[in-house]
Amino acid sequence: MIEVGSKAEAECVAEALENFGSGLQQDSERWAVVVAQDDLDFASLFAALEGCLRVNAIPSVRVRLGGRSYVMET
């Protein structure tokens with residue numbers, strides 16, 4: 001799950017990660033992008049995510065994997 005700051009950012013990230021089976025999820029006021037986790041190529045996923053953040057000037061996202069949280073910043 002990739003938590004973002006707004007719906008617009010969530011839509012942008014979901015589009016960039018569509019090859020990974022991405023989908024949008026809203027919980028209260030928070031938006032997130034969920035990707036299919038079967039046989040996930042993390043290197044490719046993170047490269048696509050980083051490119052999306054840079055191109056769209058998204059300052060940071062929170063990535064949740066296996067019960068842990070990580071922050072990716074540009």
# chains A, B, ... in the order shown; residues from 1 in each chain; ligands from 1
$ residues_around --residues "stretch 16-18 of chain A" --least-positions-apart "5" --cutoff "12 Å" --atoms "only C-alpha atoms" --output "list in words"
Met1, Ile2, Glu9, Ala10, Glu11, Gly23, Leu24, Val33, Val34, Val35, Ala36, Leu40, Asp41, Phe42, Ser44, Leu45, Phe46, Ala47, Ala48, Leu49, Glu50, Gly51, Cys52, Leu53, Arg54, Val55 and Asn56 of chain A
$ residues_around --residues "A:Ala8" --least-positions-apart "4" --cutoff "12 Å" --atoms "only C-alpha atoms" --output "PyMOL selection string"
chain A and resi 4+12-15+24+30-33+56+58
$ select_by_dssp --residues "chain A" --states "strand (DSSP E or B)" --output "list in words"
Ile2, Glu3, Val4, Gly23, Leu24, Gln25, Gln26, Asp27, Arg30, Trp31, Ala32, Val33, Val34, Ser60, Val61, Arg62, Val63, Arg64, Leu65, Arg68, Ser69, Tyr70, Val71, Met72 and Glu73 of chain A
$ atom_distance --atom1 "atom CA of A:Glu3" --atom2 "atom CA of A:Ser22"
12.6 Å
$ atom_distance --atom1 "atom CA of A:Ala57" --atom2 "atom CA of A:Asp39"
29.1 Å
$ select_by_dssp --residues "stretch 10-49 of chain A" --states "helix (DSSP H, G or I)" --output "list in words"
Ala10, Glu11, Cys12, Val13, Ala14, Glu15, Ala16, Glu18, Asn19, Phe20, Phe42, Ala43, Ser44, Leu45, Phe46, Ala47, Ala48 and Leu49 of chain A
$ atom_distance --atom1 "atom CA of A:Glu29" --atom2 "atom CA of A:Thr74"
23.4 Å
